[in-house]
Amino acid sequence: MDAAHTHSHTHSHTSGSHDSHHHDHDHDHNEHHDHSGHVEQFRRLFWWNLLLAVPVIAFNSMFAMLIGYDLPASGWTTWISPILGTVMFLWGGRPFLTGGWQEIKDRSPGMMLLIAMAITVAFGASWGASLGLLAHDLDFWWELALLVVIMLLGHWIEMRSIAQTTNALGSLAALLPDEADVIRNDTVTTIPAADIVAGDITLIRPGGSVPADGVVVDGSASMDESMITGESRPVRREAGDVVTAGTVAVDSGLRVEVTAIGEDTTLAGIQKLVADAQSSSSRAQRLADRASGWLFWFALAAAAITAVTWSVLGMPESAVVRTITVLVIACPHALGLAIPLVVSIATERAARGGVLITDRLALETMRKVDVVLFDKTGTLTKGEPTVTAIDAADGYSDDDVLALAAAAEADSEHPLAIAVTRSAESRDLDVPRASNFTSSPAVGVKATTDNGIRVEVGGPYLLEEHGLDARDIAAEWSQQGAIILHVLSDGHVIGALRLSDEIRPESRTAVDALHREGVEVMMITGDAEAVANAVGEELGIDRVYSGVRPEDKAAKVRTLQDEGRTVAMVGDGVNDAPALTQADAGIAIGAGTDVAIGSAGVVLASSDPRSVVSVRHLSQATYRKMQQNLWWAAGYNIAAVPLAAGVLAPIGFILPMSVGAVLMSLSTVVVALNAQTLRRLDLSPESVD
């Protein structure tokens, strides 16, 4: 990646929600979609530099001496290392040099500056040695080549694990139709949605989505607004009601007068919330950056002490050699690989378990989370109505009522009708055939079965039309927030069906598992209080926020954060996008919309809430591995630097570069092997029970 990226990378990971979306605004605004380009760039750089490194190392006299082979005596071979080494320094080292410069400008020394310093010192010293200006021991071309190659490899692995990041805002726009049918001069014309102007009358066909915010002027329909409000059931909208862009007319057509377009629509408002949350980046630093920051100062201090001590002892030659050696050795090869490898293996392991990690920070944060906030619809519940109870009149069985209701609903596309027919199928009922199907919005459906029974199914208006009373249990059901369908046979009430959003069987396990780990579980929903509390009680949830408007969800998350809580938000709708982005860790349930996926740091391919617990376990394991690797990687440097500085020189021991190099390679191998153990982690939802 180029300069701007290199730097913002070190920070953008810290941001609380979305990796490369959270930019440091100043220098990284317009490139956040270009990660795949960076992967490609680092891959190329790594392979080319690996090719160059072979001759640089092989023809390096110091390396030949360390390993113990002879180089041809002819003069030209001595220039292979310096010339190719210079190419490696300027070309392979460029991302680190620009990154290091950026860290100096930002006054936050870290990994990039540490690498830049080591390769620059090695480059300068090696030229000095090659030209005979400095001691022969300072011929570090082989060390420079190794450093550049290993660091490029680490960065390539790192970029690859980030490149899966998606762009949420593109997916929000995808909810809007590309074209709209507009009535102008009494004729219907199809125009691109972008050309709609306020005041246009648009025609929304059944199943079509609304292109712009507006007011219904004619017709009435059940609108599926779940992508905007998260409300699970379709909402009735008729003349005079407001409809928002992106919502879908489920059962019948509408004419809508457009009131707001483009920037002014609700959807654009949500887009803006997501964009704002993504760009506000926090400054907390990743683990590896903190470690590199410390190592940088450690190296500088060690170098300064070395230079002063050897000079005071009256050995200026040794002072130069030792100081340079310290600066070169201080760059942790293993550290460059330690974290990216762990992250990359964790990401890959997670993906095999159906967990996509788009923001490494969300993964790092999950272990510290003390509140998990679930959106109800589609997350803890299935997000679609299901028949949950049947009440039959005397002389009828539950099956009779359901079978007749299913007969009448057979031809309807309405979500409630589908729920009724599904329920009859699941019970293997013998559903009579029906004909003369008619449906009237807000009232219900009618049909006549083959044996001549006139069946009607509908809500409270249907009973009003017939002047009939609801069955006693209906009042109790409606208090719990359920939807009630009354079933009439030849004008008499024969029963009622209770429909509600079914709770996923795994939700209870997930809530219990989180409680065992000392995490508070909360639920947030746009649904009415009665519905929300019923679900909350059934699942044993600590706190329930009901009737929360979509734009207020992010604010609720912020309120919890202001109380000092670390919040993970789990959701699936567009309306959750700003909250997912605001949360410390945003988790999208995979069956949800692209937008939720784009604004979450973790995406669960399954809709199983138990996976939230698995992600927490993965986060804990990843963090442990990172810490172990940091100690291995930095530990080598902490020990090697004083030895290279000559602490034991009085007893005749100075760490030869060769031993340093072997130890360094060893620590890199240990780190790589240690990261591999993450592959054995069990992430299946069943492991949570």
# chains A, B, ... in the order shown; residues from 1 in each chain; ligands from 1
call {"tool": "residues_around", "arguments": {"residues": "region 560-572 of chain A", "least_positions_apart": "3", "cutoff": "6 Å", "atoms": "only C-alpha atoms", "output": "list in words"}}
result
Val369, Asp370, Val371, Val372, Leu373, Phe374, Asp375, Val557, Asp576, Leu580, Ala583, Asp584, Ala585, Gly586, Ile587, Ala588, Ile589, Gly592 and Ala596 of chain A
call {"tool": "select_by_dssp", "arguments": {"residues": "region 375-561 of chain A", "states": "alpha helix (DSSP H)", "output": "VMD selection string"}}
result
chain A and resid 398 to 409 415 to 426 460 to 466 473 to 479 505 to 516 529 to 539 550 to 561
call {"tool": "closest_residue", "arguments": {"among": "A:Ala129, A:Met223, A:Leu300, A:Ile196", "to": "Gly208 (chain A)", "atoms": "only C-alpha atoms"}}
result
A:Met223
call {"tool": "closest_residue", "arguments": {"among": "A:Gly395, A:Ser599, A:Ala53, A:Ala249", "to": "Glu413 (chain A)", "atoms": "only C-alpha atoms"}}
result
A:Ala249
call {"tool": "residues_around", "arguments": {"residues": "Gly85 (chain A)", "least_positions_apart": "4", "cutoff": "12 Å", "atoms": "only C-alpha atoms", "output": "VMD selection string"}}
result
chain A and resid 49 to 60 78 to 81 89 to 93 119 to 120 122 to 124 126 to 127 130 139 to 149
